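Next up, work29.tsv (TSV, C-alpha atoms):
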chain	number	residue	atom	x	y	z
A	1	MET	CA	1.13	8.97	-21.17
A	2	THR	CA	0.32	5.44	-20.21
A	3	ASP	CA	-2.54	4.78	-17.87
A	4	ASP	CA	-1.46	1.42	-16.59
A	5	ASN	CA	-2.60	1.44	-13.04
A	6	ALA	CA	-0.10	4.02	-11.94
A	7	SER	CA	0.95	2.79	-8.61
A	8	GLN	CA	4.11	0.89	-8.13
A	9	ASP	CA	2.80	0.66	-4.61
A	10	ALA	CA	1.23	-2.74	-4.97
A	11	VAL	CA	2.01	-6.18	-3.69
A	12	VAL	CA	1.15	-9.00	-6.05
A	13	ILE	CA	1.25	-12.53	-4.73
A	14	GLU	CA	0.44	-15.60	-6.74
A	15	ARG	CA	-0.25	-18.86	-4.94
A	16	SER	CA	-1.57	-22.26	-5.79
A	17	PHE	CA	-3.73	-24.17	-3.31
A	18	ASP	CA	-4.65	-27.83	-3.29
A	19	ALA	CA	-8.36	-27.07	-2.97
A	20	PRO	CA	-11.18	-26.25	-5.38
A	21	VAL	CA	-12.03	-22.61	-6.15
A	22	ASP	CA	-15.27	-22.64	-4.14
A	23	VAL	CA	-13.35	-23.58	-1.00
A	24	ILE	CA	-10.82	-20.77	-1.52
A	25	TRP	CA	-13.73	-18.40	-2.16
A	26	GLN	CA	-15.13	-19.37	1.25
A	27	MET	CA	-11.75	-18.67	2.84
A	28	TRP	CA	-12.25	-15.03	1.88
A	29	THR	CA	-16.01	-14.65	2.27
A	30	ASP	CA	-17.07	-16.87	5.18
A	31	PRO	CA	-16.17	-15.08	8.44
A	32	GLU	CA	-15.49	-18.32	10.32
A	33	HIS	CA	-13.00	-19.54	7.74
A	34	PHE	CA	-11.51	-16.07	7.29
A	35	LYS	CA	-10.81	-15.76	11.02
A	36	ALA	CA	-8.83	-19.00	10.91
A	37	TRP	CA	-6.08	-17.78	8.64
A	38	TYR	CA	-6.18	-13.99	8.35
A	39	GLY	CA	-4.67	-12.81	11.62
A	40	PRO	CA	-0.92	-12.17	11.54
A	41	ASP	CA	1.06	-14.37	13.93
A	42	GLY	CA	0.17	-13.61	17.51
A	43	ALA	CA	-3.09	-11.94	16.53
A	44	THR	CA	-6.65	-13.18	16.59
A	45	ILE	CA	-9.69	-11.99	14.66
A	46	PRO	CA	-12.51	-11.63	17.20
A	47	VAL	CA	-14.79	-9.82	14.75
A	48	ALA	CA	-15.28	-10.29	11.01
A	49	LYS	CA	-18.48	-8.88	9.56
A	50	MET	CA	-18.84	-9.31	5.83
A	51	ASP	CA	-21.72	-8.20	3.67
A	52	VAL	CA	-20.35	-9.79	0.53
A	53	ARG	CA	-22.09	-7.98	-2.31
A	54	VAL	CA	-21.10	-4.95	-4.38
A	55	GLY	CA	-21.42	-1.92	-2.10
A	56	GLY	CA	-21.63	-4.10	0.99
A	57	THR	CA	-19.39	-3.23	3.91
A	58	ARG	CA	-16.91	-5.22	5.92
A	59	LEU	CA	-15.55	-4.71	9.41
A	60	VAL	CA	-12.65	-6.71	10.77
A	61	CYS	CA	-11.04	-6.52	14.18
A	62	MET	CA	-7.51	-7.71	14.79
A	63	GLU	CA	-6.52	-8.26	18.39
A	64	MET	CA	-2.95	-8.52	19.60
A	65	GLN	CA	-1.72	-9.34	23.08
A	66	THR	CA	0.79	-6.79	24.35
A	67	PRO	CA	2.44	-6.39	27.76
A	68	ASN	CA	-0.15	-3.65	28.37
A	69	GLY	CA	-3.06	-5.90	27.57
A	70	ALA	CA	-5.00	-6.59	24.42
A	71	MET	CA	-4.65	-4.11	21.60
A	72	GLN	CA	-7.36	-3.94	18.97
A	73	MET	CA	-7.10	-2.62	15.45
A	74	TRP	CA	-10.21	-2.17	13.34
A	75	PHE	CA	-10.46	-2.16	9.57
A	76	THR	CA	-13.43	-1.32	7.43
A	77	GLY	CA	-14.05	-1.32	3.72
A	78	GLU	CA	-16.47	-1.88	0.91
A	79	TYR	CA	-16.85	-4.65	-1.62
A	80	ARG	CA	-16.26	-3.32	-5.12
A	81	GLU	CA	-16.48	-6.49	-7.20
A	82	VAL	CA	-18.03	-9.78	-6.22
A	83	VAL	CA	-17.98	-12.57	-8.80
A	84	GLU	CA	-18.40	-15.84	-6.92
A	85	ASN	CA	-15.46	-18.23	-7.20
A	86	GLU	CA	-13.70	-15.83	-9.56
A	87	ARG	CA	-13.03	-12.34	-8.35
A	88	LEU	CA	-13.34	-10.38	-5.13
A	89	VAL	CA	-12.30	-6.75	-4.76
A	90	TYR	CA	-12.63	-4.74	-1.58
A	91	THR	CA	-11.17	-1.63	-0.02
A	92	GLU	CA	-9.61	-1.44	3.40
A	93	SER	CA	-9.06	1.48	5.77
A	94	MET	CA	-8.21	1.73	9.44
A	95	SER	CA	-11.30	2.63	11.42
A	96	ASP	CA	-12.86	2.59	14.85
A	97	GLU	CA	-15.07	-0.23	16.10
A	98	ASN	CA	-18.09	1.37	14.47
A	99	GLY	CA	-16.47	1.44	11.07
A	100	ASN	CA	-15.74	5.18	11.02
A	101	VAL	CA	-12.66	5.58	8.84
A	102	SER	CA	-9.64	7.12	10.55
A	103	SER	CA	-8.19	10.19	8.85
A	104	PRO	CA	-4.45	10.48	8.16
A	105	SER	CA	-4.14	12.97	11.03
A	106	ASP	CA	-5.80	10.47	13.44
A	107	LEU	CA	-3.01	8.11	12.49
A	108	ASP	CA	-0.30	10.76	12.83
A	109	MET	CA	0.30	10.84	9.12
A	110	PRO	CA	0.40	13.90	6.86
A	111	GLU	CA	-2.59	14.66	4.67
A	112	GLY	CA	-2.21	12.84	1.41
A	113	HIS	CA	-0.59	9.78	2.95
A	114	PRO	CA	-2.44	6.85	1.42
A	115	THR	CA	-4.59	5.28	4.12
A	116	THR	CA	-6.98	3.29	1.96
A	117	THR	CA	-5.84	0.19	0.20
A	118	GLU	CA	-7.55	-2.15	-2.21
A	119	VAL	CA	-7.36	-5.92	-2.07
A	120	ARG	CA	-8.09	-7.81	-5.27
A	121	VAL	CA	-8.37	-11.58	-5.28
A	122	GLU	CA	-8.56	-13.51	-8.52
A	123	LEU	CA	-9.20	-17.24	-8.55
A	124	ALA	CA	-8.81	-19.73	-11.36
A	125	ASP	CA	-9.53	-23.43	-11.46
A	126	VAL	CA	-6.53	-25.45	-12.57
A	127	GLY	CA	-7.55	-29.10	-12.70
A	128	GLY	CA	-9.33	-29.05	-9.35
A	129	ARG	CA	-6.66	-26.94	-7.70
A	130	THR	CA	-6.85	-23.17	-7.37
A	131	LYS	CA	-4.52	-20.54	-8.67
A	132	MET	CA	-4.95	-17.35	-6.69
A	133	VAL	CA	-3.56	-13.91	-7.51
A	134	MET	CA	-3.85	-11.36	-4.75
A	135	THR	CA	-3.07	-7.70	-5.38
A	136	HIS	CA	-2.89	-5.26	-2.49
A	137	ALA	CA	-2.50	-1.68	-3.65
A	138	GLY	CA	-2.57	1.79	-2.18
A	139	VAL	CA	-5.37	3.90	-3.60
A	140	PRO	CA	-5.53	7.68	-3.53
A	141	SER	CA	-7.67	8.87	-0.66
A	142	ASP	CA	-10.41	11.45	-1.16
A	143	SER	CA	-8.45	14.39	0.19
A	144	PRO	CA	-7.51	16.95	-2.48
A	145	GLY	CA	-3.79	16.55	-1.81
A	146	ALA	CA	-4.02	12.92	-2.70
A	147	THR	CA	-5.54	13.17	-6.17
A	148	GLY	CA	-2.06	13.52	-7.54
A	149	TRP	CA	-0.86	10.25	-6.14
A	150	ALA	CA	-1.51	8.12	-9.16
A	151	MET	CA	0.25	10.65	-11.36
A	152	ALA	CA	3.04	11.26	-8.93
A	153	PHE	CA	3.79	7.59	-8.70
A	154	GLN	CA	3.61	7.13	-12.43
A	155	LYS	CA	6.14	9.84	-13.10
A	156	LEU	CA	8.37	9.23	-10.17
A	157	ALA	CA	8.41	5.49	-10.60
A	158	ALA	CA	9.91	5.91	-14.06
A	159	LEU	CA	12.45	8.22	-12.55
A	160	VAL	CA	13.35	5.78	-9.81
A	161	ASP	CA	13.79	3.03	-12.37
A	162	ALA	CA	16.12	5.23	-14.38
A	163	ARG	CA	18.15	5.97	-11.26
A	164	THR	CA	18.39	2.42	-9.98
A	165	ASP	CA	19.55	1.20	-13.38
A	166	ARG	CA	22.75	3.17	-13.03
B	1	MET	CA	6.82	-4.01	9.39
B	2	THR	CA	8.81	-0.82	9.26
B	3	THR	CA	10.26	0.78	12.36
B	4	ALA	CA	8.92	4.03	13.78
B	5	ILE	CA	11.89	5.97	12.41
B	6	GLU	CA	11.49	4.57	8.92
B	7	GLU	CA	7.77	5.33	9.13
B	8	ASP	CA	8.58	8.94	10.07
B	9	ARG	CA	10.93	9.31	7.15
B	10	LEU	CA	8.36	7.84	4.85
B	11	SER	CA	5.73	10.25	6.14
B	12	GLU	CA	8.11	13.12	5.45
B	13	THR	CA	8.65	11.89	1.90
B	14	PHE	CA	4.91	11.60	1.32
B	15	ALA	CA	4.36	15.08	2.74
B	16	ALA	CA	7.06	16.48	0.46
B	17	LEU	CA	5.53	14.79	-2.57
B	18	ALA	CA	1.98	15.87	-1.81
B	19	ASN	CA	2.42	19.11	-3.74
B	20	SER	CA	2.34	19.59	-7.51
B	21	THR	CA	5.01	22.31	-7.56
B	22	ARG	CA	7.42	20.14	-5.63
B	23	ARG	CA	6.73	17.18	-7.90
B	24	ALA	CA	7.39	19.40	-10.92
B	25	ILE	CA	10.67	20.51	-9.36
B	26	LEU	CA	11.70	16.89	-8.88
B	27	ALA	CA	10.72	16.05	-12.45
B	28	ARG	CA	12.92	18.91	-13.67
B	29	LEU	CA	15.83	17.75	-11.49
B	30	ALA	CA	15.50	14.24	-12.89
B	31	GLU	CA	16.91	15.76	-16.10
B	32	GLY	CA	19.91	17.14	-14.28
B	33	ALA	CA	21.06	19.57	-11.59
B	34	ALA	CA	19.73	23.13	-11.70
B	35	THR	CA	20.02	26.39	-9.82
B	36	VAL	CA	17.11	27.85	-7.87
B	37	ASN	CA	16.73	30.49	-10.59
B	38	GLU	CA	16.47	27.86	-13.27
B	39	LEU	CA	13.97	25.89	-11.22
B	40	ALA	CA	11.84	28.98	-10.67
B	41	GLU	CA	11.63	29.81	-14.37
B	42	PRO	CA	8.59	27.72	-15.36
B	43	PHE	CA	6.58	28.84	-12.35
B	44	GLU	CA	4.72	32.05	-11.77
B	45	MET	CA	6.17	32.21	-8.32
B	46	LYS	CA	8.58	34.42	-6.48
B	47	LEU	CA	12.03	33.05	-5.67
B	48	PRO	CA	11.41	32.86	-1.91
B	49	ALA	CA	8.35	30.66	-2.52
B	50	ILE	CA	10.39	28.32	-4.70
B	51	SER	CA	13.19	28.32	-2.12
B	52	LYS	CA	10.68	27.25	0.48
B	53	HIS	CA	9.58	24.29	-1.63
B	54	ILE	CA	13.20	23.33	-2.19
B	55	LYS	CA	13.83	23.44	1.56
B	56	VAL	CA	10.97	20.99	2.11
B	57	LEU	CA	12.47	18.68	-0.51
B	58	GLU	CA	15.90	19.06	1.08
B	59	ARG	CA	14.55	18.15	4.51
B	60	ALA	CA	12.92	15.05	3.04
B	61	GLY	CA	16.31	14.13	1.58
B	62	LEU	CA	15.00	14.33	-1.99
B	63	VAL	CA	17.21	17.24	-2.99
B	64	VAL	CA	20.84	17.86	-2.19
B	65	ARG	CA	22.54	21.21	-2.79
B	66	GLY	CA	26.08	21.81	-3.90
B	67	GLN	CA	28.33	23.46	-1.34
B	68	ARG	CA	31.04	24.98	-3.49
B	69	ALA	CA	29.44	26.94	-6.31
B	70	GLN	CA	28.01	30.35	-5.62
B	71	TYR	CA	24.62	29.28	-6.98
B	72	ARG	CA	24.52	26.07	-4.98
B	73	PRO	CA	22.87	23.98	-7.68
B	74	CYS	CA	20.18	21.53	-6.61
B	75	ALA	CA	20.36	17.85	-7.49
B	76	LEU	CA	17.94	15.00	-7.07
B	77	ASP	CA	18.51	12.21	-4.57
B	78	ALA	CA	16.18	9.38	-5.53
B	79	ALA	CA	16.80	7.19	-2.48
B	80	PRO	CA	13.68	8.30	-0.55
B	81	LEU	CA	11.60	7.74	-3.70
B	82	GLU	CA	12.70	4.13	-3.73
B	83	GLU	CA	11.39	3.79	-0.20
B	84	VAL	CA	8.05	5.19	-1.30
B	85	SER	CA	7.85	2.86	-4.26
B	86	THR	CA	8.45	-0.08	-1.94
B	87	TRP	CA	5.94	1.21	0.58
B	88	ALA	CA	3.51	-1.58	-0.15
B	89	GLU	CA	6.25	-4.18	0.04
B	90	GLN	CA	6.02	-4.10	3.83
B	91	TYR	CA	2.72	-5.95	3.44
B	92	ARG	CA	4.25	-8.79	1.46
B	93	PRO	CA	5.61	-10.88	4.38
B	94	VAL	CA	2.30	-10.37	6.23
B	95	TRP	CA	0.35	-11.77	3.27
B	96	GLU	CA	2.82	-14.60	2.67
B	97	ALA	CA	2.42	-15.68	6.30
B	98	ARG	CA	-1.37	-15.48	5.98
B	99	PHE	CA	-1.40	-17.68	2.90
B	100	ASP	CA	0.90	-20.18	4.63
B	101	ARG	CA	-1.70	-20.36	7.37
B	102	MET	CA	-4.49	-20.69	4.80
B	103	ASP	CA	-2.60	-23.65	3.36
B	104	ASP	CA	-2.27	-25.27	6.80
B	105	TYR	CA	-5.91	-24.61	7.55
B	106	LEU	CA	-6.97	-26.19	4.25
B	107	THR	CA	-4.94	-29.30	5.03
B	108	HIS	CA	-6.67	-29.41	8.38
B	109	LEU	CA	-10.13	-29.10	6.76
B	110	ARG	CA	-9.49	-31.71	4.10
B	111	PRO	CA	-11.35	-34.97	4.64
B	112	GLN	CA	-9.22	-37.67	6.28
B	113	THR	CA	-9.49	-40.07	3.34
B	114	LYS	CA	-7.98	-37.63	0.88
B	115	ASP	CA	-5.34	-36.75	3.40
B	116	ARG	CA	-4.26	-40.40	3.79
B	117	ARG	CA	-4.13	-40.88	0.07
B	118	THR	CA	-1.44	-38.27	-0.35
B	119	ARG	CA	0.65	-39.30	2.63

With the file now loaded, output its structure as structure tokens.
Amino acid sequence: MTDDNASQDAVVIERSFDAPVDVIWQMWTDPEHFKAWYGPDGATIPVAKMDVRVGGTRLVCMEMQTPNGAMQMWFTGEYREVVENERLVYTESMSDENGNVSSPSDLDMPEGHPTTTEVRVELADVGGRTKMVMTHAGVPSDSPGATGWAMAFQKLAALVDARTDR
Amino acid sequence: MTTAIEEDRLSETFAALANSTRRAILARLAEGAATVNELAEPFEMKLPAISKHIKVLERAGLVVRGQRAQYRPCALDAAPLEEVSTWAEQYRPVWEARFDRMDDYLTHLRPQTKDRRTR
């Protein structure tokens, strides 16, 4: 059995920016810069609290204007790896404004539905420019039903591949 | 972003997969169609219990059952699994748009002199 990071459920995006690594690092770790680019179109980021050190927490609020007024979504997480200008890894879960993580049932999802994701940002200096690789992956939640996720994906992914190759 | 209906379907698939017996059944069916009796063999479980698991898989669209044969063999339908494996893909356009904005923002931040040099 291979143990290569199980989940197929990851988005990997590689980008190159015309800016030095320390500037890109600030884009992710300085709340003022982060607010400027992070919100999806039509959304603003009124709150971004970041305690950027291993074990430190983050709390981000996304606000969207709807016909029924402003709608807020809160996300919390923890920094797992912090290597300045090189690597940043943090988790992300939906939460309330106090950073209490929402359970799958709060979100109308069955137990075992992955609700925590991990964002990994890797930066490399390429002649003054920055190559960035961002990986956003689902991680098994702590509920007992979810421990099988990694395995389930590993096995079933192979199976899906076999099927789609037909 | 996915629609509410797609999200519901996805939730059903996740719920169906969140059980080791059901995953084992799917793994067995990946090798080929099988009857309920054959599927029950490796488990220390009564037939009705296995039937119940198969019903959950059927509802999630992961298993289809033959109509003609007396034993109504079960077969795997991998389509919902493909949706699960692309679950994270819904985030891709969101991130791409974010990084486009990061790019714009960086251009905006860049000192005027450097900006003029390139234009």

Please, what distance in Å, to one decimal, runs between atom CA of Met134 of chain A and atom CA of Asp96 of chain A?
25.7 Å

Quick one: distance from atom CA of Val121 of chain A to atom CA of Glu97 of chain A in Å, one decimal?
25.1 Å

Of the listed residues A:Met64, A:Met132, A:Met73, A:Val82, that which approaches chain B most closely, counting all atoms listed in the file
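With all atoms listed in the file as the atom set, the closest residue is A:Met132.
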
Residue contacts of Thr57 of chain A (7 Å, all atoms listed in the file) excluding same-chain residues fewer than 2 positions away, as an mmCIF file with C-alpha atoms, in the frame of the given file:
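Saved to out-v2.cif:
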data_model
loop_
_atom_site.group_PDB
_atom_site.id
_atom_site.type_symbol
_atom_site.label_atom_id
_atom_site.label_comp_id
_atom_site.auth_asym_id
_atom_site.auth_seq_id
_atom_site.Cartn_x
_atom_site.Cartn_y
_atom_site.Cartn_z
ATOM 1 C CA MET A 50 -18.840 -9.310 5.830
ATOM 2 C CA ASP A 51 -21.720 -8.200 3.670
ATOM 3 C CA GLY A 55 -21.420 -1.920 -2.100
ATOM 4 C CA LEU A 59 -15.550 -4.710 9.410
ATOM 5 C CA GLY A 77 -14.050 -1.320 3.720
ATOM 6 C CA GLU A 78 -16.470 -1.880 0.910
ATOM 7 C CA TYR A 79 -16.850 -4.650 -1.620
#

Using only C-alpha atoms, can you tell me which of B:Leu10, B:Glu44, B:Arg72, B:Ile54 comes closest to chain A?
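Of all the options, B:Leu10 lies closest to chain A.
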
Closest of A:Glu81, A:Ser102, A:Asp30, A:Tyr38 to Asp103 of chain B - atom-to-atom distances counting all atoms listed in the file:
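Comparing A:Glu81, A:Ser102, A:Asp30, A:Tyr38 against Asp103 of chain B, the winner is A:Tyr38.
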
Between atom CA of Lys52 of chain B and atom CA of Thr116 of chain A, what is the distance in Å, rounded to a tenth?
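Distance between the two atoms: 29.8 Å.
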
Would you mind telling me which residue in B:Val36, B:Ala49, B:Leu62, B:Leu106 lies nearest to Arg23 of chain B when using all atoms listed in the file?
B:Leu62

Anything within 8 Å of (-0.8, -5.6, -5.0): list those residues as a PDB file with C-alpha atoms, in the coordinates of the input, counting only C-alpha atoms and sticking to the file's coordinates.
ATOM      1  CA  ASP A   9       2.800   0.660  -4.610  1.00  0.00           C
ATOM      2  CA  ALA A  10       1.230  -2.740  -4.970  1.00  0.00           C
ATOM      3  CA  VAL A  11       2.010  -6.180  -3.690  1.00  0.00           C
ATOM      4  CA  VAL A  12       1.150  -9.000  -6.050  1.00  0.00           C
ATOM      5  CA  ILE A  13       1.250 -12.530  -4.730  1.00  0.00           C
ATOM      6  CA  VAL A 119      -7.360  -5.920  -2.070  1.00  0.00           C
ATOM      7  CA  ARG A 120      -8.090  -7.810  -5.270  1.00  0.00           C
ATOM      8  CA  MET A 134      -3.850 -11.360  -4.750  1.00  0.00           C
ATOM      9  CA  THR A 135      -3.070  -7.700  -5.380  1.00  0.00           C
ATOM     10  CA  HIS A 136      -2.890  -5.260  -2.490  1.00  0.00           C
ATOM     11  CA  ALA A 137      -2.500  -1.680  -3.650  1.00  0.00           C
TER      12      ALA A 137
ATOM     13  CA  ALA B  88       3.510  -1.580  -0.150  1.00  0.00           C
TER      14      ALA B  88
END

Skip Asp22 of chain A itself and residues of its chain fewer than 6 positions away, then list as a list of chain:residue names all residues within 12 Å of it, counting all atoms listed in the file.
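Near neighbours after the sequence-gap exclusion: A:Trp28, A:Thr29, A:Asp30, A:Val83, A:Glu84, A:Asn85, A:Glu86, A:Arg87, A:Leu123, A:Ala124, A:Asp125, A:Gly128, A:Arg129, A:Thr130, A:Lys131, A:Met132.
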
For Met27 of chain A, which residue among B:Leu47, B:Ala40, B:Leu109, B:Val56 is the nearest when counting all atoms listed in the file?
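Looking at the shortest contact to Met27 of chain A, the residue is B:Leu109.
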
Glu96 of chain B surroundings by all atoms listed in the file, 10 Å radius, close-in-sequence under 5 positions cut, as a PyMOL selection string
(chain A and resi 13-15+40) or (chain B and resi 91+101-102)

Would you please work out which residue, of A:Ala36, A:Val54, A:Cys61, A:Val101, is nearest to chain B when using only C-alpha atoms?
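Looking at the shortest contact to chain B, the residue is A:Ala36.
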
Any idea what's packed within 10 Å of Val60 of chain A, counting only C-alpha atoms, ignoring anything in its chain fewer than 4 positions away? Could you give it as a ChimeraX atom specification?
/A:31,35,45-50,73-77,92,94-95,97,99

Could you save the residues just selected, with C-alpha atoms, as an mmCIF file, in the coordinates of the input?
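Output (part.cif):
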data_model
loop_
_atom_site.group_PDB
_atom_site.id
_atom_site.type_symbol
_atom_site.label_atom_id
_atom_site.label_comp_id
_atom_site.auth_asym_id
_atom_site.auth_seq_id
_atom_site.Cartn_x
_atom_site.Cartn_y
_atom_site.Cartn_z
ATOM 1 C CA PRO A 31 -16.170 -15.080 8.440
ATOM 2 C CA LYS A 35 -10.810 -15.760 11.020
ATOM 3 C CA ILE A 45 -9.690 -11.990 14.660
ATOM 4 C CA PRO A 46 -12.510 -11.630 17.200
ATOM 5 C CA VAL A 47 -14.790 -9.820 14.750
ATOM 6 C CA ALA A 48 -15.280 -10.290 11.010
ATOM 7 C CA LYS A 49 -18.480 -8.880 9.560
ATOM 8 C CA MET A 50 -18.840 -9.310 5.830
ATOM 9 C CA MET A 73 -7.100 -2.620 15.450
ATOM 10 C CA TRP A 74 -10.210 -2.170 13.340
ATOM 11 C CA PHE A 75 -10.460 -2.160 9.570
ATOM 12 C CA THR A 76 -13.430 -1.320 7.430
ATOM 13 C CA GLY A 77 -14.050 -1.320 3.720
ATOM 14 C CA GLU A 92 -9.610 -1.440 3.400
ATOM 15 C CA MET A 94 -8.210 1.730 9.440
ATOM 16 C CA SER A 95 -11.300 2.630 11.420
ATOM 17 C CA GLU A 97 -15.070 -0.230 16.100
ATOM 18 C CA GLY A 99 -16.470 1.440 11.070
#
